[in-house]
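Have a look at data_33.cif; it's mmCIF, C-alpha atoms and all ligand atoms:
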data_query
#
loop_
_atom_site.label_atom_id
_atom_site.label_comp_id
_atom_site.auth_asym_id
_atom_site.auth_seq_id
_atom_site.Cartn_x
_atom_site.Cartn_y
_atom_site.Cartn_z
CA MET A 15 12.88 -111.56 -24.48
CA VAL A 16 13.69 -109.20 -27.34
CA SER A 17 10.46 -109.71 -29.26
CA ASP A 18 8.07 -110.31 -26.33
CA GLN A 19 9.33 -107.83 -23.81
CA LEU A 20 11.10 -105.18 -25.86
CA GLU A 21 9.76 -104.84 -29.42
CA ARG A 22 6.17 -105.44 -28.38
CA ARG A 23 6.45 -102.59 -25.85
CA GLY A 24 7.89 -100.19 -28.34
CA ILE A 25 11.68 -100.39 -28.18
CA ARG A 26 12.62 -99.45 -31.74
CA ASP A 27 16.32 -98.62 -31.90
CA PRO A 28 17.81 -101.59 -33.79
CA ARG A 29 21.17 -101.14 -32.07
CA VAL A 30 19.53 -101.41 -28.66
CA LEU A 31 17.65 -104.55 -29.72
CA ARG A 32 20.84 -106.05 -31.10
CA CYS A 33 22.78 -105.37 -27.90
CA MET A 34 19.98 -106.70 -25.70
CA ALA A 35 20.07 -109.88 -27.80
CA SER A 36 23.83 -110.26 -27.68
CA VAL A 37 24.84 -109.52 -24.06
CA PRO A 38 24.27 -112.71 -22.00
CA ARG A 39 22.11 -111.46 -19.12
CA GLU A 40 22.41 -114.76 -17.23
CA LEU A 41 26.06 -113.97 -16.46
CA PHE A 42 24.97 -110.89 -14.49
CA VAL A 43 22.33 -112.57 -12.34
CA PRO A 44 23.94 -114.44 -9.45
CA GLY A 45 22.23 -117.74 -8.65
CA ALA A 46 19.16 -116.83 -10.68
CA ALA A 47 20.27 -117.76 -14.18
CA ALA A 48 17.01 -119.66 -14.70
CA PHE A 49 15.11 -116.38 -14.34
CA ALA A 50 17.60 -114.20 -16.22
CA TYR A 51 15.25 -113.51 -19.13
CA ASP A 52 12.09 -113.05 -17.04
CA ASP A 53 10.22 -109.79 -17.36
CA ARG A 54 11.24 -108.40 -13.97
CA ALA A 55 14.00 -106.98 -11.82
CA LEU A 56 16.10 -109.60 -10.00
CA PRO A 57 18.16 -109.55 -6.81
CA ILE A 58 21.94 -109.16 -7.00
CA GLU A 59 24.50 -108.92 -4.17
CA ALA A 60 24.36 -106.30 -1.38
CA GLY A 61 20.55 -106.21 -1.37
CA GLN A 62 20.45 -104.45 -4.78
CA THR A 63 18.67 -105.33 -8.00
CA ILE A 64 19.36 -105.68 -11.71
CA SER A 65 16.60 -103.84 -13.60
CA GLN A 66 13.95 -105.49 -15.72
CA PRO A 67 15.21 -105.95 -19.33
CA TYR A 68 12.63 -103.50 -20.71
CA ILE A 69 13.86 -100.72 -18.41
CA VAL A 70 17.51 -101.30 -19.35
CA ALA A 71 16.55 -101.17 -23.05
CA ARG A 72 14.34 -98.10 -22.60
CA MET A 73 16.95 -96.12 -20.66
CA THR A 74 19.57 -97.01 -23.26
CA GLU A 75 17.27 -95.93 -26.08
CA LEU A 76 16.47 -92.65 -24.32
CA LEU A 77 20.17 -91.78 -24.13
CA ALA A 78 20.23 -91.76 -27.97
CA LEU A 79 23.96 -92.41 -28.05
CA ASP A 80 26.23 -91.94 -31.01
CA ARG A 81 29.13 -94.37 -31.37
CA GLY A 82 32.05 -93.22 -29.29
CA ALA A 83 29.82 -91.32 -26.86
CA ARG A 84 31.25 -90.80 -23.38
CA VAL A 85 28.78 -92.00 -20.78
CA LEU A 86 28.66 -91.79 -17.00
CA GLU A 87 26.63 -94.47 -15.24
CA ILE A 88 25.76 -94.05 -11.58
CA GLY A 89 24.97 -97.41 -9.96
CA THR A 90 27.01 -100.17 -11.62
CA GLY A 91 25.17 -102.95 -9.78
CA SER A 92 25.76 -106.17 -11.72
CA GLY A 93 27.46 -104.38 -14.63
CA TYR A 94 24.75 -105.44 -17.09
CA GLN A 95 23.65 -101.92 -18.09
CA ALA A 96 27.31 -100.94 -18.50
CA ALA A 97 27.84 -103.94 -20.82
CA ILE A 98 24.85 -102.83 -22.91
CA LEU A 99 26.23 -99.28 -23.12
CA ALA A 100 29.63 -100.63 -24.19
CA CYS A 101 27.91 -102.74 -26.84
CA MET A 102 26.34 -99.49 -28.12
CA GLY A 103 29.86 -98.25 -28.78
CA ALA A 104 30.03 -95.95 -25.75
CA THR A 105 33.02 -95.40 -23.50
CA VAL A 106 31.69 -95.79 -19.98
CA VAL A 107 32.68 -94.69 -16.51
CA SER A 108 30.43 -96.47 -14.02
CA ILE A 109 30.38 -95.62 -10.32
CA GLU A 110 29.19 -98.03 -7.61
CA ARG A 111 29.09 -97.36 -3.86
CA HIS A 112 29.36 -101.03 -2.86
CA ALA A 113 32.95 -102.22 -3.40
CA GLU A 114 31.77 -105.84 -3.50
CA LEU A 115 29.41 -105.13 -6.40
CA ALA A 116 32.02 -103.10 -8.26
CA ALA A 117 34.49 -105.99 -7.98
CA ARG A 118 31.96 -108.55 -9.23
CA ALA A 119 30.94 -106.28 -12.11
CA ARG A 120 34.58 -105.79 -13.17
CA GLU A 121 35.07 -109.54 -13.06
CA ARG A 122 32.02 -110.24 -15.22
CA LEU A 123 32.88 -107.55 -17.75
CA GLY A 124 36.43 -108.92 -17.92
CA GLN A 125 35.16 -112.48 -18.48
CA LEU A 126 32.99 -111.28 -21.32
CA GLY A 127 35.85 -109.34 -22.87
CA VAL A 128 33.89 -106.07 -22.66
CA SER A 129 36.21 -103.14 -23.19
CA GLY A 130 35.61 -99.45 -22.67
CA VAL A 131 34.05 -99.69 -19.20
CA GLU A 132 35.83 -98.32 -16.14
CA VAL A 133 34.16 -99.28 -12.85
CA ARG A 134 34.90 -97.03 -9.87
CA VAL A 135 33.93 -97.34 -6.22
CA GLY A 136 32.42 -94.29 -4.59
CA ASP A 137 29.42 -92.01 -4.16
CA GLY A 138 28.39 -91.08 -7.68
CA SER A 139 25.36 -89.03 -6.64
CA ARG A 140 27.16 -85.77 -7.54
CA GLY A 141 28.39 -87.19 -10.84
CA ASP A 142 31.96 -86.78 -11.97
CA VAL A 143 33.08 -83.24 -12.67
CA VAL A 144 36.57 -84.22 -13.74
CA GLY A 145 35.26 -86.38 -16.60
CA ALA A 146 32.57 -83.87 -17.62
CA PRO A 147 31.13 -82.92 -20.01
CA TRP A 148 29.37 -86.25 -20.61
CA ASP A 149 27.39 -87.12 -23.75
CA GLY A 150 25.15 -89.25 -21.59
CA ILE A 151 24.52 -89.68 -17.87
CA ILE A 152 22.42 -92.61 -16.69
CA VAL A 153 21.42 -92.97 -13.08
CA THR A 154 20.19 -96.48 -12.29
CA ALA A 155 19.05 -95.68 -8.75
CA ALA A 156 16.23 -93.39 -7.60
CA ALA A 157 16.99 -89.75 -6.74
CA PRO A 158 14.65 -87.79 -4.41
CA SER A 159 14.81 -84.77 -6.73
CA LEU A 160 16.44 -83.88 -10.04
CA PRO A 161 20.20 -83.78 -9.40
CA GLU A 162 21.18 -80.29 -10.62
CA ALA A 163 24.88 -81.14 -10.51
CA LEU A 164 24.33 -83.81 -13.15
CA ARG A 165 22.52 -81.46 -15.54
CA GLU A 166 25.53 -79.17 -15.43
CA GLN A 167 27.85 -82.03 -16.35
CA LEU A 168 26.10 -82.73 -19.66
CA ALA A 169 27.68 -81.78 -22.96
CA VAL A 170 25.49 -79.65 -25.22
CA GLY A 171 23.32 -82.21 -27.02
CA GLY A 172 23.84 -84.67 -24.17
CA ARG A 173 21.13 -86.44 -22.21
CA LEU A 174 20.57 -87.39 -18.61
CA VAL A 175 18.20 -90.26 -17.77
CA VAL A 176 17.31 -90.52 -14.09
CA PRO A 177 14.48 -91.91 -11.95
CA VAL A 178 13.20 -89.07 -9.74
CA GLY A 179 10.67 -89.25 -6.95
CA PRO A 180 9.73 -90.83 -3.63
CA ARG A 181 10.98 -94.24 -2.55
CA ALA A 182 7.92 -96.20 -3.60
CA GLN A 183 7.78 -95.05 -7.24
CA GLN A 184 9.54 -92.55 -9.47
CA ASP A 185 9.24 -90.82 -12.83
CA LEU A 186 11.86 -91.69 -15.41
CA VAL A 187 13.07 -88.18 -16.23
CA VAL A 188 14.92 -87.36 -19.44
CA VAL A 189 16.88 -84.11 -19.50
CA GLU A 190 18.46 -82.87 -22.71
CA ARG A 191 20.97 -80.06 -22.77
CA ARG A 192 20.07 -77.98 -25.82
CA GLY A 193 22.54 -75.17 -25.26
CA GLU A 194 24.88 -73.67 -22.66
CA ASP A 195 21.90 -72.47 -20.64
CA GLU A 196 19.09 -74.45 -22.14
CA TRP A 197 17.74 -77.77 -20.95
CA THR A 198 14.52 -79.59 -21.73
CA GLU A 199 12.97 -82.03 -19.33
CA ARG A 200 10.23 -84.63 -19.71
CA SER A 201 9.00 -87.76 -18.01
CA ASP A 202 9.00 -91.10 -19.76
CA GLY A 203 6.68 -92.74 -17.25
CA PRO A 204 6.65 -94.44 -13.86
CA VAL A 205 9.49 -96.71 -12.70
CA VAL A 206 10.65 -98.29 -9.44
CA PHE A 207 14.34 -98.25 -8.52
CA VAL A 208 16.40 -98.88 -5.41
CA PRO A 209 17.41 -95.58 -3.78
CA LEU A 210 20.38 -93.48 -4.82
CA VAL A 211 22.19 -93.23 -1.49
CA GLY A 212 24.66 -90.39 -0.94
CA GLU A 213 25.26 -86.68 -0.88
CA GLY A 214 23.01 -85.93 -3.84
CA GLY A 215 20.53 -88.67 -3.02
CA TRP A 216 18.91 -90.26 0.01
CA GLN A 217 20.47 -90.65 3.43
CA GLU A 218 21.73 -94.06 4.33
CA GLY A 219 19.44 -95.96 6.69
CA GLY A 220 16.10 -95.43 5.03
CA SER A 221 14.51 -92.76 7.22
CA GLY A 222 12.79 -91.51 4.10
CA ALA A 223 14.54 -88.16 4.32
CA PRO A 224 16.60 -86.89 1.38
CA GLY A 225 20.34 -86.69 2.03
CA PHE A 226 20.58 -82.95 1.65
CA GLY A 227 18.97 -80.18 3.62
CA GLY A 228 17.82 -82.68 6.28
N1 LIG B 301 22.65 -100.70 -13.44
C1 LIG B 301 22.66 -101.86 -12.58
C2 LIG B 301 21.52 -101.90 -11.59
C3 LIG B 301 21.73 -100.91 -10.56
S1 LIG B 301 20.92 -101.14 -9.02
C4 LIG B 301 22.73 -103.13 -13.37
O1 LIG B 301 22.74 -103.09 -14.60
O2 LIG B 301 22.78 -104.20 -12.74
C5 LIG B 301 21.40 -99.60 -8.33
C6 LIG B 301 22.83 -99.57 -7.88
O3 LIG B 301 23.11 -98.22 -7.51
C7 LIG B 301 23.09 -100.42 -6.66
O4 LIG B 301 24.12 -101.32 -6.93
C8 LIG B 301 23.51 -99.40 -5.61
O5 LIG B 301 24.49 -99.89 -4.71
C9 LIG B 301 24.04 -98.26 -6.45
N2 LIG B 301 24.07 -96.94 -5.82
C10 LIG B 301 23.14 -96.37 -5.03
N3 LIG B 301 23.52 -95.13 -4.67
C11 LIG B 301 24.73 -94.91 -5.26
C12 LIG B 301 25.64 -93.81 -5.29
N4 LIG B 301 25.41 -92.67 -4.61
N5 LIG B 301 26.79 -93.92 -6.01
C13 LIG B 301 27.06 -95.08 -6.69
N6 LIG B 301 26.23 -96.15 -6.70
C14 LIG B 301 25.08 -96.07 -6.01
#
Kindly present the structure from the file in structure tokens form.
Amino acid sequence: MVSDQLERRGIRDPRVLRCMASVPRELFVPGAAAFAYDDRALPIEAGQTISQPYIVARMTELLALDRGARVLEIGTGSGYQAAILACMGATVVSIERHAELAARARERLGQLGVSGVEVRVGDGSRGDVVGAPWDGIIVTAAAPSLPEALREQLAVGGRLVVPVGPRAQQDLVVVERRGEDEWTERSDGPVVFVPLVGEGGWQEGGSGAPGFGG
């Protein structure tokens, strides 16, 4: 997986490659362990998905984390991305709206002896102001538009990685806070994520309408 799917496609950060090699992905893929290292997203509980390995590696690389970085993840899912972030030396708060998924993720992280990850249940679409500023914010579900609230919660020098766009396909947007009032923004390419559902995301039910403003 590391050489075929990651290095060949341009993942360069040795720490990311090391973590992708060391965290056992099969433990995060319920009933699909045989496919755990396939080059694709896989189903997890509650109708959600664990991202393709390349995307997990790419998003981690884009965060450009220093050891000890404080990171907010929105969309815990299986807990795999959180385990990779912890392996990178980050302290992680990860928010998941499905209690069932949060519980399973906590269990898996506990089994693996991963420390430094706190999994919370709730709507993370507005981020977490109390824990801000964050050195990194990673949204692993698709937002209809760039969540302004999250930009504001970045530390200077911090980065936000978030899929933004319509339900069918999004742009992986990287926002860097360069100063108190200075942000840069670029797209790293097309991605497909399950929707971010909540106040700062899409409305529940799948009408196609964003959650805010109707
Ligand atoms: N990072 C995960 C994959 C996430 S799939 C992993 O490594 O396995 C996207 C997750 O985002 C789903 O579990 C979904 O329930 C969750 N989600 C969607 N909207 C959310 C919100 N507003 N707050 C918190 N979690 C949300």
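When all atoms listed in the file are used to compute distances to ligand LIG 301 (chain B), the closest of the residues A:Leu174, A:Ala55, A:Ala83, A:Leu20 turns out to be A:Ala55.
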* Residues up to 7 Å from ligand LIG 301 (chain B), counting only C-alpha atoms and all ligand atoms: could you list those as a PyMOL selection string? => chain A and resi 62-65+88-96+109-112+115+136-139+154-155+208-212+215
* If I put a ball of radius 7 Å at (31.7, -87.8, -18.1) in the file's coordinates, which residues poke into it when counting only C-alpha atoms, written as a list in words? ->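 Within 7 Å of (31.7, -87.8, -18.1), the protein and nucleic acid residues are Arg84, Val85, Leu86, Asp142, Gly145, Ala146, Pro147 and Trp148 of chain A.
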Dump C-alpha atoms for the selected residues as a CSV table (one decimal), keeping the file's coordinate frame?
chain,number,residue,atom,x,y,z
A,84,ARG,CA,31.2,-90.8,-23.4
A,85,VAL,CA,28.8,-92.0,-20.8
A,86,LEU,CA,28.7,-91.8,-17.0
A,142,ASP,CA,32.0,-86.8,-12.0
A,145,GLY,CA,35.3,-86.4,-16.6
A,146,ALA,CA,32.6,-83.9,-17.6
A,147,PRO,CA,31.1,-82.9,-20.0
A,148,TRP,CA,29.4,-86.2,-20.6
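You will find atom CA of A:Val70 at 27.3 Å from atom CA of A:Gly193.
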* To one decimal place, how far is atom CA of A:Glu190 from atom CA of A:Phe207 in Å? -> 21.3 Å
